[in-house]
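Trainee: The structure under discussion is supplied below as C-alpha coordinates; questions concerning it will follow.
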Amino acid sequence: MKIAILALQGAFAEHEEVLRALGAETFLIRNRADWDIEKDALVIPGGESTAMTRIMRDLELWEPISEALNQGLPVFGTCAGLIMLDDAHLSTMNITAQRNAYGRQLGSFYTEDEFCGIGKVPMTFIRAPYIERVGEGVEVLATVDGKVVAARQQHQLVCAFHPELTPEDTRIHRYFLDMIQGK
Amino acid sequence: MLAFLPYICRRFYARKVAETVAHDERPHYKTTKSQQYFLHISFSNFIKMEDRTALNRQLAQMLKGGVIMDVTTPEQARIAEAAGACAVMALERIPADIRAAGGVSRMSDPKMIKGIQEAVSIPVMAKCRIGHFAEAQILEAIEIDYIDESEVLSPADDVYHIDKRQFKVPFVCGAKDLGEALRRISEGATMIRTKGEPGTGDVVQAVRHMRMMQSEIRRITSLNADELYEAAKQLRVPFELVQYVHDNGRLPVVNFAAGGVATPADAALMMQLGAEGVFVGSGIFKSGNPEKRAQAIVKAVTNYNNPKILAELSEDLGEAMVGINESEIQLLMAERGK
(Lines give C-alpha, C1' and ligand atoms only; values in the text may rest on other atoms or scores of the structure.)
Protein backbone atom coordinates (compact mmCIF):
# COMPACT_ATOMS: atom_id res chain seq x y z
CA MET A 1 0.00 0.00 0.00
CA LYS A 2 1.39 3.40 -1.01
CA ILE A 3 0.28 6.47 0.89
CA ALA A 4 0.89 10.06 -0.18
CA ILE A 5 1.44 12.59 2.61
CA LEU A 6 0.81 16.24 1.83
CA ALA A 7 4.06 17.93 2.91
CA LEU A 8 3.39 21.59 2.15
CA GLN A 9 3.63 22.72 5.78
CA GLY A 10 3.13 21.18 9.21
CA ALA A 11 3.67 17.91 11.03
CA PHE A 12 3.87 15.53 8.05
CA ALA A 13 6.98 13.65 9.24
CA GLU A 14 5.08 12.39 12.29
CA HIS A 15 2.42 10.71 10.09
CA GLU A 16 5.17 9.26 7.93
CA GLU A 17 6.77 7.64 10.93
CA VAL A 18 3.57 6.04 12.25
CA LEU A 19 2.50 4.75 8.84
CA ARG A 20 5.93 3.27 8.15
CA ALA A 21 5.93 1.58 11.53
CA LEU A 22 2.66 -0.05 10.43
CA GLY A 23 4.31 -1.33 7.26
CA ALA A 24 2.82 1.12 4.75
CA GLU A 25 4.91 2.67 1.99
CA THR A 26 4.80 6.47 2.07
CA PHE A 27 5.99 9.42 0.04
CA LEU A 28 5.77 13.19 0.43
CA ILE A 29 3.95 15.62 -1.85
CA ARG A 30 5.60 19.03 -2.10
CA ASN A 31 4.61 20.06 -5.64
CA ARG A 32 2.53 19.21 -8.70
CA ALA A 33 5.06 16.69 -10.08
CA ASP A 34 4.96 14.66 -6.83
CA TRP A 35 1.18 14.37 -7.15
CA ASP A 36 1.46 12.32 -10.34
CA ILE A 37 3.03 9.40 -8.45
CA GLU A 38 0.55 6.56 -8.01
CA LYS A 39 -1.02 6.26 -4.60
CA ASP A 40 -3.70 4.36 -2.71
CA ALA A 41 -4.56 7.13 -0.25
CA LEU A 42 -3.71 10.65 0.93
CA VAL A 43 -2.90 12.07 4.38
CA ILE A 44 -3.38 15.78 5.10
CA PRO A 45 -1.44 16.57 8.30
CA GLY A 46 -1.73 19.18 11.03
CA GLY A 47 -0.32 22.64 10.45
CA GLU A 48 -1.95 25.91 9.44
CA SER A 49 -4.89 25.55 7.06
CA THR A 50 -4.42 29.10 5.71
CA ALA A 51 -0.80 28.31 4.77
CA MET A 52 -1.77 24.97 3.21
CA THR A 53 -4.60 26.56 1.23
CA ARG A 54 -2.31 29.23 -0.18
CA ILE A 55 0.46 26.80 -1.14
CA MET A 56 -1.98 24.25 -2.57
CA ARG A 57 -3.54 26.88 -4.82
CA ASP A 58 -0.24 28.44 -5.93
CA LEU A 59 1.39 25.10 -6.71
CA GLU A 60 -1.69 23.99 -8.68
CA LEU A 61 -2.50 21.12 -6.35
CA TRP A 62 -5.99 22.25 -5.37
CA GLU A 63 -7.87 21.05 -8.44
CA PRO A 64 -6.21 17.63 -8.82
CA ILE A 65 -6.56 16.84 -5.10
CA SER A 66 -10.20 17.91 -5.04
CA GLU A 67 -10.89 15.83 -8.15
CA ALA A 68 -9.15 12.71 -6.80
CA LEU A 69 -11.01 12.89 -3.48
CA ASN A 70 -14.34 13.32 -5.24
CA GLN A 71 -13.52 10.23 -7.28
CA GLY A 72 -13.03 8.23 -4.08
CA LEU A 73 -9.32 8.42 -3.20
CA PRO A 74 -9.25 7.58 0.54
CA VAL A 75 -8.03 10.45 2.73
CA PHE A 76 -7.12 11.00 6.39
CA GLY A 77 -7.04 14.59 7.69
CA THR A 78 -5.90 15.64 11.15
CA CYS A 79 -6.51 19.09 12.67
CA ALA A 80 -5.74 21.43 9.74
CA GLY A 81 -6.33 18.38 7.51
CA LEU A 82 -9.88 18.19 8.86
CA ILE A 83 -10.42 21.87 8.05
CA MET A 84 -9.10 21.34 4.51
CA LEU A 85 -11.88 18.80 3.77
CA ASP A 86 -14.80 20.86 5.14
CA ASP A 87 -17.39 22.77 3.13
CA ALA A 88 -15.42 26.04 3.19
CA HIS A 89 -12.28 24.47 1.71
CA LEU A 90 -12.02 21.38 -0.53
CA SER A 91 -15.69 20.60 0.23
CA THR A 92 -15.28 16.87 -0.19
CA MET A 93 -16.94 16.17 3.18
CA ASN A 94 -20.38 17.28 4.30
CA ILE A 95 -19.10 18.99 7.45
CA THR A 96 -18.41 22.51 8.72
CA ALA A 97 -15.34 22.98 10.88
CA GLN A 98 -14.97 25.64 13.55
CA ARG A 99 -11.34 26.82 13.41
CA ASN A 100 -9.43 27.50 16.65
CA ALA A 101 -12.53 26.27 18.45
CA TYR A 102 -10.71 25.95 21.78
CA GLY A 103 -9.04 29.36 21.54
CA ARG A 104 -5.34 30.13 21.49
CA GLN A 105 -2.43 27.98 22.65
CA LEU A 106 -3.51 28.28 26.31
CA GLY A 107 -6.63 26.33 25.28
CA SER A 108 -4.60 23.38 23.90
CA PHE A 109 -5.08 20.18 25.91
CA TYR A 110 -4.57 16.44 26.14
CA THR A 111 -7.29 13.94 27.00
CA GLU A 112 -8.34 10.34 26.49
CA ASP A 113 -11.76 9.47 25.19
CA GLU A 114 -13.83 6.90 23.31
CA PHE A 115 -13.32 6.41 19.57
CA CYS A 116 -16.09 4.41 17.90
CA GLY A 117 -15.03 0.79 17.40
CA ILE A 118 -11.57 1.27 18.94
CA GLY A 119 -12.09 2.26 22.57
CA LYS A 120 -10.30 4.88 24.61
CA VAL A 121 -7.59 6.64 22.60
CA PRO A 122 -5.11 9.43 23.45
CA MET A 123 -6.18 12.77 21.99
CA THR A 124 -3.85 15.76 21.69
CA PHE A 125 -5.60 19.00 20.76
CA ILE A 126 -3.30 21.83 19.57
CA ARG A 127 -5.15 25.06 18.77
CA ALA A 128 -7.67 22.58 17.47
CA PRO A 129 -10.91 22.84 15.53
CA TYR A 130 -14.04 20.78 16.10
CA ILE A 131 -16.83 19.84 13.73
CA GLU A 132 -19.66 22.31 14.10
CA ARG A 133 -22.06 20.80 11.58
CA VAL A 134 -22.33 17.15 10.62
CA GLY A 135 -24.23 16.70 7.38
CA GLU A 136 -25.87 13.76 5.69
CA GLY A 137 -23.72 10.70 5.07
CA VAL A 138 -21.26 11.56 7.83
CA GLU A 139 -20.69 9.16 10.70
CA VAL A 140 -19.55 10.65 14.01
CA LEU A 141 -16.66 8.62 15.47
CA ALA A 142 -15.74 10.57 18.58
CA THR A 143 -17.00 13.43 20.73
CA VAL A 144 -15.29 15.29 23.57
CA ASP A 145 -17.51 17.34 25.90
CA GLY A 146 -20.34 17.06 23.38
CA LYS A 147 -18.28 18.40 20.47
CA VAL A 148 -17.63 16.23 17.41
CA VAL A 149 -13.87 15.64 17.10
CA ALA A 150 -13.69 12.69 14.69
CA ALA A 151 -15.86 11.65 11.76
CA ARG A 152 -16.00 9.55 8.65
CA GLN A 153 -17.76 9.89 5.32
CA GLN A 154 -17.19 6.83 3.14
CA HIS A 155 -13.43 6.77 2.53
CA GLN A 156 -12.72 10.07 4.22
CA LEU A 157 -11.56 10.09 7.85
CA VAL A 158 -10.96 13.22 9.94
CA CYS A 159 -9.75 13.94 13.50
CA ALA A 160 -9.59 17.33 15.21
CA PHE A 161 -6.81 15.93 17.41
CA HIS A 162 -3.39 14.49 16.50
CA PRO A 163 -3.03 10.69 16.68
CA GLU A 164 0.39 11.13 15.00
CA LEU A 165 1.67 12.88 18.15
CA THR A 166 1.10 9.78 20.26
CA PRO A 167 2.90 7.20 18.08
CA GLU A 168 2.88 4.57 20.84
CA ASP A 169 -0.83 4.13 20.07
CA THR A 170 -1.24 3.37 16.36
CA ARG A 171 -4.88 2.21 16.42
CA ILE A 172 -6.36 5.17 14.54
CA HIS A 173 -3.76 4.94 11.77
CA ARG A 174 -4.48 1.22 11.60
CA TYR A 175 -8.19 2.04 11.32
CA PHE A 176 -7.29 4.26 8.34
CA LEU A 177 -5.26 1.49 6.68
CA ASP A 178 -8.15 -0.96 7.20
CA MET A 179 -10.52 1.61 5.73
CA ILE A 180 -8.36 1.87 2.57
CA GLN A 181 -8.27 -1.89 2.15
CA GLY A 182 -11.95 -2.39 2.84
CA LYS A 183 -13.03 0.13 0.25
CA MET B 1 15.29 -2.66 39.61
CA LEU B 2 12.47 -0.14 39.22
CA ALA B 3 15.05 2.61 39.28
CA PHE B 4 16.33 1.38 35.91
CA LEU B 5 12.92 1.49 34.27
CA PRO B 6 13.22 4.99 32.79
CA TYR B 7 16.65 4.16 31.47
CA ILE B 8 15.39 0.98 29.82
CA CYS B 9 12.40 2.83 28.35
CA ARG B 10 14.72 5.43 26.95
CA ARG B 11 17.08 2.92 25.40
CA PHE B 12 14.16 1.10 23.83
CA TYR B 13 12.76 4.34 22.49
CA ALA B 14 16.14 5.36 21.09
CA ARG B 15 16.43 2.05 19.27
CA LYS B 16 12.98 2.46 17.80
CA VAL B 17 13.97 5.89 16.53
CA ALA B 18 17.22 4.56 15.11
CA GLU B 19 15.26 1.96 13.15
CA THR B 20 12.89 4.47 11.60
CA VAL B 21 15.24 7.40 11.12
CA ALA B 22 17.15 5.74 8.31
CA HIS B 23 14.14 6.01 5.95
CA ASP B 24 13.39 9.60 6.64
CA GLU B 25 14.16 12.48 4.42
CA ARG B 26 14.30 14.86 7.36
CA PRO B 27 14.78 14.54 11.07
CA HIS B 28 11.67 14.98 13.13
CA TYR B 29 10.52 15.19 16.65
CA LYS B 30 8.04 13.20 18.60
CA THR B 31 6.73 12.94 22.11
CA THR B 32 6.20 9.43 23.36
CA LYS B 33 5.08 8.24 26.75
CA SER B 34 8.64 7.25 27.60
CA GLN B 35 9.82 10.71 26.71
CA GLN B 36 7.13 12.39 28.72
CA TYR B 37 8.29 10.25 31.58
CA PHE B 38 11.85 11.28 30.88
CA LEU B 39 10.83 14.92 31.07
CA HIS B 40 8.96 14.28 34.25
CA ILE B 41 11.81 12.64 36.12
CA SER B 42 14.39 15.07 34.84
CA PHE B 43 12.96 18.49 35.37
CA SER B 44 9.39 18.85 36.18
CA ASN B 45 8.05 19.45 39.63
CA PHE B 46 4.46 19.27 38.55
CA ILE B 47 2.83 16.85 36.20
CA LYS B 48 0.58 19.68 35.03
CA MET B 49 3.53 21.75 33.93
CA GLU B 50 4.99 18.75 32.15
CA ASP B 51 1.78 18.42 30.12
CA ARG B 52 2.09 22.07 29.13
CA THR B 53 5.69 21.47 28.04
CA ALA B 54 4.58 18.61 25.79
CA LEU B 55 1.69 20.64 24.32
CA ASN B 56 3.95 23.64 23.78
CA ARG B 57 6.60 21.57 22.01
CA GLN B 58 3.82 20.08 19.89
CA LEU B 59 2.58 23.51 18.76
CA ALA B 60 6.11 24.13 17.44
CA GLN B 61 5.86 20.82 15.56
CA MET B 62 2.76 22.15 13.78
CA LEU B 63 4.75 25.20 12.63
CA LYS B 64 7.40 23.08 10.91
CA GLY B 65 7.97 23.60 7.21
CA GLY B 66 6.53 27.08 7.62
CA VAL B 67 7.53 30.74 7.66
CA ILE B 68 7.01 33.02 10.66
CA MET B 69 6.92 36.67 9.61
CA ASP B 70 7.60 39.87 11.57
CA VAL B 71 4.68 42.29 11.29
CA THR B 72 4.09 45.72 12.81
CA THR B 73 0.46 46.41 11.85
CA PRO B 74 -2.79 44.43 11.43
CA GLU B 75 -2.55 45.22 7.71
CA GLN B 76 0.89 43.59 7.45
CA ALA B 77 -0.37 40.65 9.52
CA ARG B 78 -3.19 40.08 7.03
CA ILE B 79 -0.73 40.22 4.12
CA ALA B 80 1.49 37.68 5.88
CA GLU B 81 -1.41 35.34 6.61
CA ALA B 82 -2.72 35.54 3.04
CA ALA B 83 0.78 34.85 1.73
CA GLY B 84 0.86 31.57 3.70
CA ALA B 85 2.77 32.47 6.90
CA CYS B 86 2.29 29.76 9.56
CA ALA B 87 2.52 32.40 12.33
CA VAL B 88 3.32 36.08 12.76
CA MET B 89 5.60 37.89 15.21
CA ALA B 90 3.93 41.10 16.39
CA LEU B 91 6.34 43.91 17.14
CA GLU B 92 6.35 47.70 17.06
CA ARG B 93 9.47 48.01 14.97
CA ILE B 94 11.12 45.39 12.81
CA PRO B 95 14.76 44.63 13.70
CA ALA B 96 16.21 46.78 10.89
CA ASP B 97 14.42 49.82 12.35
CA ILE B 98 15.34 48.89 15.93
CA ARG B 99 18.94 48.84 14.77
CA ALA B 100 18.59 52.18 12.98
CA ALA B 101 16.78 53.86 15.88
CA GLY B 102 19.23 52.73 18.58
CA GLY B 103 18.39 53.23 22.26
CA VAL B 104 16.61 50.78 24.55
CA SER B 105 14.19 48.48 22.81
CA ARG B 106 11.32 46.94 24.83
CA MET B 107 8.24 44.72 24.61
CA SER B 108 5.57 46.09 22.24
CA ASP B 109 2.38 47.82 23.39
CA PRO B 110 -0.16 45.08 24.31
CA LYS B 111 -2.86 47.05 22.49
CA MET B 112 -0.87 46.86 19.27
CA ILE B 113 -0.35 43.10 19.78
CA LYS B 114 -4.07 42.61 20.44
CA GLY B 115 -4.88 44.42 17.21
CA ILE B 116 -2.80 41.85 15.36
CA GLN B 117 -4.37 38.95 17.28
CA GLU B 118 -7.77 40.18 16.13
CA ALA B 119 -6.65 40.58 12.53
CA VAL B 120 -5.49 37.00 11.89
CA SER B 121 -6.40 33.41 12.77
CA ILE B 122 -2.85 31.99 12.72
CA PRO B 123 -0.68 31.89 15.89
CA VAL B 124 0.63 35.26 17.07
CA MET B 125 4.02 35.53 18.76
CA ALA B 126 5.59 38.51 20.52
CA LYS B 127 8.99 39.37 21.95
CA CYS B 128 10.01 40.14 25.50
CA ARG B 129 13.45 41.18 26.71
CA ILE B 130 15.92 38.54 27.91
CA GLY B 131 15.30 37.98 31.64
CA HIS B 132 12.25 40.29 31.77
CA PHE B 133 9.74 37.90 33.33
CA ALA B 134 7.26 40.72 34.03
CA GLU B 135 7.01 41.47 30.31
CA ALA B 136 6.49 37.73 29.76
CA GLN B 137 3.70 37.71 32.38
CA ILE B 138 1.98 40.55 30.51
CA LEU B 139 2.24 38.67 27.21
CA GLU B 140 0.81 35.56 28.88
CA ALA B 141 -2.08 37.65 30.25
CA ILE B 142 -3.08 38.65 26.71
CA GLU B 143 -2.90 34.97 25.67
CA ILE B 144 -0.07 35.23 23.23
CA ASP B 145 0.58 31.92 21.42
CA TYR B 146 4.40 32.01 21.71
CA ILE B 147 6.82 34.34 23.51
CA ASP B 148 10.19 35.03 21.91
CA GLU B 149 12.69 35.83 24.70
CA SER B 150 14.72 37.79 22.23
CA GLU B 151 18.17 39.28 21.90
CA VAL B 152 16.68 41.70 19.36
CA LEU B 153 15.34 43.73 22.30
CA SER B 154 17.66 45.23 24.92
CA PRO B 155 18.39 42.59 27.56
CA ALA B 156 16.78 43.32 30.95
CA ASP B 157 19.03 40.90 32.86
CA ASP B 158 22.66 40.26 31.97
CA VAL B 159 22.91 37.11 34.12
CA TYR B 160 19.61 35.24 34.21
CA HIS B 161 17.18 34.20 31.53
CA ILE B 162 13.47 33.80 32.36
CA ASP B 163 12.53 30.62 34.23
CA LYS B 164 10.22 29.58 31.43
CA ARG B 165 8.87 26.55 33.29
CA GLN B 166 6.82 28.90 35.46
CA PHE B 167 4.68 29.85 32.46
CA LYS B 168 1.85 28.10 30.67
CA VAL B 169 2.53 29.82 27.34
CA PRO B 170 5.41 28.52 25.23
CA PHE B 171 8.77 30.24 24.65
CA VAL B 172 11.12 30.26 21.68
CA CYS B 173 14.74 31.33 22.31
CA GLY B 174 17.73 32.08 20.11
CA ALA B 175 20.94 30.05 20.20
CA LYS B 176 24.33 30.26 18.50
CA ASP B 177 25.47 26.77 19.40
CA LEU B 178 24.36 23.53 21.03
CA GLY B 179 25.25 24.64 24.57
CA GLU B 180 23.07 27.75 24.34
CA ALA B 181 20.23 25.76 22.79
CA LEU B 182 20.26 23.12 25.52
CA ARG B 183 20.55 25.73 28.30
CA ARG B 184 17.45 27.48 26.98
CA ILE B 185 15.63 24.13 26.70
CA SER B 186 16.51 23.25 30.29
CA GLU B 187 15.06 26.64 31.32
CA GLY B 188 11.83 25.60 29.58
CA ALA B 189 12.09 26.86 25.99
CA THR B 190 9.96 24.59 23.75
CA MET B 191 11.34 25.85 20.44
CA ILE B 192 14.80 27.05 19.38
CA ARG B 193 15.92 29.33 16.56
CA THR B 194 19.33 30.49 15.41
CA LYS B 195 20.15 34.01 16.55
CA GLY B 196 21.50 35.13 13.22
CA GLU B 197 22.09 38.85 13.08
CA PRO B 198 18.64 40.43 13.05
CA GLY B 199 17.82 43.40 10.87
CA THR B 200 20.87 43.11 8.63
CA GLY B 201 19.62 41.09 5.68
CA ASP B 202 22.96 39.27 5.99
CA VAL B 203 22.46 35.54 6.42
CA VAL B 204 26.07 34.74 7.37
CA GLN B 205 25.45 34.53 11.11
CA ALA B 206 22.36 32.33 10.83
CA VAL B 207 24.42 30.00 8.63
CA ARG B 208 27.28 30.01 11.15
CA HIS B 209 24.93 29.23 14.07
CA MET B 210 23.06 26.47 12.23
CA ARG B 211 26.28 24.84 11.04
CA MET B 212 27.75 25.06 14.53
CA MET B 213 24.66 23.45 16.11
CA GLN B 214 24.49 20.67 13.53
CA SER B 215 28.19 19.85 13.76
CA GLU B 216 28.05 19.77 17.57
CA ILE B 217 25.02 17.47 17.39
CA ARG B 218 26.93 15.15 15.05
CA ARG B 219 29.88 15.18 17.42
CA ILE B 220 27.67 14.28 20.42
CA THR B 221 26.08 11.36 18.52
CA SER B 222 29.57 9.98 17.83
CA LEU B 223 30.56 9.90 21.51
CA ASN B 224 30.69 6.83 23.68
CA ALA B 225 28.04 6.67 26.39
CA ASP B 226 30.67 7.16 29.12
CA GLU B 227 31.93 10.34 27.44
CA LEU B 228 28.58 12.11 27.71
CA TYR B 229 29.14 13.25 31.32
CA GLU B 230 32.19 15.24 30.30
CA ALA B 231 30.33 16.59 27.24
CA ALA B 232 27.52 17.81 29.52
CA LYS B 233 30.11 19.50 31.74
CA GLN B 234 31.79 21.23 28.81
CA LEU B 235 28.50 22.38 27.31
CA ARG B 236 27.28 23.49 30.79
CA VAL B 237 23.96 21.69 30.35
CA PRO B 238 22.03 18.89 32.12
CA PHE B 239 23.27 15.37 31.35
CA GLU B 240 19.79 14.14 30.30
CA LEU B 241 19.64 16.65 27.45
CA VAL B 242 23.05 15.59 26.13
CA GLN B 243 21.89 12.01 26.32
CA TYR B 244 18.76 12.87 24.32
CA VAL B 245 20.91 14.49 21.60
CA HIS B 246 23.25 11.48 21.62
CA ASP B 247 20.40 8.97 21.28
CA ASN B 248 18.30 10.90 18.75
CA GLY B 249 20.77 12.99 16.75
CA ARG B 250 18.70 16.13 17.16
CA LEU B 251 17.43 18.69 19.65
CA PRO B 252 14.44 17.61 21.75
CA VAL B 253 12.50 20.60 20.34
CA VAL B 254 11.89 22.09 16.89
CA ASN B 255 14.75 24.21 15.53
CA PHE B 256 14.09 27.15 13.16
CA ALA B 257 16.42 29.52 11.32
CA ALA B 258 16.29 33.24 12.06
CA GLY B 259 18.26 36.37 11.34
CA GLY B 260 19.12 37.87 7.98
CA VAL B 261 16.90 35.71 5.74
CA ALA B 262 15.91 37.97 2.83
CA THR B 263 15.34 35.81 -0.27
CA PRO B 264 13.78 32.45 -1.23
CA ALA B 265 17.34 31.20 -1.77
CA ASP B 266 18.32 32.22 1.78
CA ALA B 267 15.35 30.27 3.14
CA ALA B 268 16.21 27.21 1.04
CA LEU B 269 19.84 27.42 2.21
CA MET B 270 18.80 27.38 5.87
CA MET B 271 16.38 24.48 5.30
CA GLN B 272 19.08 22.45 3.56
CA LEU B 273 21.41 23.14 6.47
CA GLY B 274 18.87 21.49 8.79
CA ALA B 275 16.40 24.20 9.83
CA GLU B 276 12.83 22.93 10.26
CA GLY B 277 11.29 26.27 9.31
CA VAL B 278 12.24 29.94 8.96
CA PHE B 279 11.63 33.25 10.71
CA VAL B 280 11.73 36.23 8.36
CA GLY B 281 12.01 39.59 10.06
CA SER B 282 12.95 42.69 8.15
CA GLY B 283 13.41 40.77 4.89
CA ILE B 284 9.77 40.99 3.81
CA PHE B 285 8.38 44.36 4.79
CA LYS B 286 11.67 46.15 4.05
CA SER B 287 11.59 44.92 0.46
CA GLY B 288 10.07 46.41 -2.70
CA ASN B 289 7.15 43.97 -3.04
CA PRO B 290 6.40 42.42 0.38
CA GLU B 291 3.37 40.41 -0.78
CA LYS B 292 5.16 38.66 -3.61
CA ARG B 293 8.35 38.09 -1.63
CA ALA B 294 6.39 36.64 1.30
CA GLN B 295 4.59 34.17 -0.98
CA ALA B 296 7.85 33.20 -2.67
CA ILE B 297 9.65 32.52 0.62
CA VAL B 298 6.73 30.38 1.86
CA LYS B 299 6.89 28.18 -1.24
CA ALA B 300 10.70 28.10 -1.13
CA VAL B 301 10.54 26.57 2.36
CA THR B 302 8.18 23.83 1.09
CA ASN B 303 10.33 23.10 -1.98
CA TYR B 304 13.74 23.91 -0.46
CA ASN B 305 15.27 20.93 -2.26
CA ASN B 306 13.97 21.70 -5.75
CA PRO B 307 16.24 24.21 -7.59
CA LYS B 308 13.93 24.42 -10.58
CA ILE B 309 11.01 25.61 -8.47
CA LEU B 310 13.35 27.88 -6.48
CA ALA B 311 14.50 29.50 -9.73
CA GLU B 312 10.90 30.30 -10.69
CA LEU B 313 10.16 31.63 -7.22
CA SER B 314 13.20 33.91 -7.29
CA GLU B 315 12.13 35.71 -10.47
CA ASP B 316 10.86 39.29 -10.45
CA LEU B 317 10.65 39.82 -6.72
CA GLY B 318 11.63 43.48 -6.97
CA GLU B 319 14.09 45.13 -4.66
CA ALA B 320 15.38 43.00 -1.75
CA MET B 321 16.05 44.77 1.54
CA VAL B 322 19.26 46.76 1.22
CA GLY B 323 21.03 45.05 4.07
CA ILE B 324 24.15 45.78 6.04
CA ASN B 325 27.17 43.49 6.05
CA GLU B 326 28.06 41.88 9.33
CA SER B 327 31.41 43.69 9.30
CA GLU B 328 29.72 47.09 8.97
CA ILE B 329 27.62 46.91 12.10
CA GLN B 330 28.55 48.11 15.56
CA LEU B 331 26.06 46.16 17.66
CA LEU B 332 26.15 42.35 17.56
CA MET B 333 22.76 41.32 18.94
CA ALA B 334 23.75 37.64 18.78
CA GLU B 335 26.21 38.27 21.62
CA ARG B 336 23.34 39.09 23.98
CA GLY B 337 22.24 36.37 26.42
CA LYS B 338 24.37 33.24 26.36
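Chain labels follow the order of the C-alpha coordinates: the first chain is A, the next B, and so on; residue numbering restarts at 1 in every chain, and ligands are counted from 1 in their shown order.
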Fewer than 2 positions away in the same chain doesn't count, so skip those; otherwise give me all residues within 8 Å of segment 111-121 of chain B, counting only C-alpha atoms, as a list of chain:residue names.
Mentor: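 Once the nearby chain positions are removed, what remains is A:Asn100, B:Thr73, B:Pro74, B:Glu75, B:Ala77, B:Arg78, B:Glu81, B:Ala90, B:Leu91, B:Glu92, B:Ser108, B:Asp109, B:Pro123, B:Val124, B:Ala126, B:Ile142.
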Trainee: Please determine, counting only C-alpha atoms, which residue among A:Val75, A:Leu42, A:Ile126, A:Ala142 has the shortest atom-to-atom distance to chain B.
Mentor: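 So, comparing all the options, the nearest one is A:Ile126.
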Trainee: Please, which residues of segment 30-158 of chain A, numbered as in this document, come out strand (DSSP E) from DSSP, as a ChimeraX atom specification?
Mentor: /A:41-44,75-78,95-98,109-115,119-125,130-134,139-144,147-153,156-158
Trainee: Determine which residues of chain A receive a DSSP assignment of helix (DSSP H, G or I), computed from the backbone, and state them as a ChimeraX atom specification.
Mentor: /A:12-21,32-35,49-58,62-70,80-85,105-107,163-165,171-181
Trainee: One decimal, Å: what's the distance from atom CA of Leu82 of chain A over to atom CA of Glu291 of chain B, could you say?
Mentor: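 Calculated distance between atom CA of Leu82 of chain A and atom CA of Glu291 of chain B is 27.6 Å.
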Trainee: For chain A, which of B:Asp158, B:Leu269, B:His246, B:Gln295 is the closest residue, counting only C-alpha atoms?
Mentor: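 Using only C-alpha atoms, chain A sits closest to B:Gln295.
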Trainee: Need to verify the contact set: Ala150 of chain A, 7 Å, only C-alpha atoms, exclusion of same-chain residues closer than 3 positions in sequence. Can you return it as number ranges by chain?
Mentor: A: 140-143, 158-160
Trainee: Considering only C-alpha atoms, tabulate each residue of chain A that lies at most 10 Å from chain B along with its nearest interatomic pair and the corresponding distance in Å to one decimal; arrange the rows by chain and ascending residue number and present them as a Markdown table.
Mentor:
| residue | atom | partner | partner_atom | distance |
| --- | --- | --- | --- | --- |
| A:Ala7 | CA | B:Thr302 | CA | 7.4 |
| A:Leu8 | CA | B:Thr302 | CA | 5.4 |
| A:Gln9 | CA | B:Gly65 | CA | 4.7 |
| A:Gly10 | CA | B:Met62 | CA | 4.7 |
| A:Ala11 | CA | B:Met62 | CA | 5.1 |
| A:Phe12 | CA | B:Lys64 | CA | 8.8 |
| A:Ala13 | CA | B:His28 | CA | 6.2 |
| A:Glu14 | CA | B:Lys30 | CA | 7.0 |
| A:Glu16 | CA | B:Asp24 | CA | 8.3 |
| A:Glu17 | CA | B:Thr20 | CA | 6.9 |
| A:Val18 | CA | B:Thr20 | CA | 9.5 |
| A:Arg20 | CA | B:Thr20 | CA | 7.9 |
| A:Ala21 | CA | B:Thr20 | CA | 7.5 |
| A:Phe27 | CA | B:Glu25 | CA | 9.8 |
| A:Leu28 | CA | B:Glu25 | CA | 9.3 |
| A:Ile29 | CA | B:Thr302 | CA | 9.7 |
| A:Arg30 | CA | B:Asn303 | CA | 6.2 |
| A:Asn31 | CA | B:Asn303 | CA | 7.4 |
| A:Pro45 | CA | B:Met62 | CA | 8.9 |
| A:Gly46 | CA | B:Met62 | CA | 6.0 |
| A:Gly47 | CA | B:Met62 | CA | 4.6 |
| A:Glu48 | CA | B:Cys86 | CA | 5.7 |
| A:Ser49 | CA | B:Cys86 | CA | 8.7 |
| A:Thr50 | CA | B:Gly84 | CA | 6.2 |
| A:Ala51 | CA | B:Gly84 | CA | 3.8 |
| A:Met52 | CA | B:Gly84 | CA | 7.1 |
| A:Thr53 | CA | B:Gly84 | CA | 7.8 |
| A:Arg54 | CA | B:Gly84 | CA | 5.5 |
| A:Ile55 | CA | B:Lys299 | CA | 6.6 |
| A:Met56 | CA | B:Lys299 | CA | 9.8 |
| A:Asp58 | CA | B:Lys299 | CA | 8.5 |
| A:Leu59 | CA | B:Lys299 | CA | 8.3 |
| A:Cys79 | CA | B:Met62 | CA | 9.8 |
| A:Ala80 | CA | B:Met62 | CA | 9.4 |
| A:Arg99 | CA | B:Ser121 | CA | 8.3 |
| A:Asn100 | CA | B:Ser121 | CA | 7.7 |
| A:Gly103 | CA | B:Glu143 | CA | 9.3 |
| A:Arg104 | CA | B:Asp145 | CA | 6.2 |
| A:Gln105 | CA | B:Asp145 | CA | 5.1 |
| A:Leu106 | CA | B:Val169 | CA | 6.3 |
| A:Gly107 | CA | B:Glu143 | CA | 9.4 |
| A:Ser108 | CA | B:Leu55 | CA | 6.9 |
| A:Phe109 | CA | B:Leu55 | CA | 7.0 |
| A:Tyr110 | CA | B:Asp51 | CA | 7.8 |
| A:Thr124 | CA | B:Leu55 | CA | 7.8 |
| A:Phe125 | CA | B:Leu55 | CA | 8.3 |
| A:Ile126 | CA | B:Leu59 | CA | 6.2 |
| A:Arg127 | CA | B:Leu59 | CA | 7.9 |
| A:His162 | CA | B:Gln58 | CA | 9.7 |
| A:Glu164 | CA | B:Lys30 | CA | 8.7 |
| A:Leu165 | CA | B:Lys30 | CA | 6.4 |
| A:Thr166 | CA | B:Thr32 | CA | 6.0 |
| A:Pro167 | CA | B:Thr32 | CA | 6.6 |
| A:Glu168 | CA | B:Thr32 | CA | 6.4 |
| A:Asp169 | CA | B:Thr32 | CA | 9.4 |
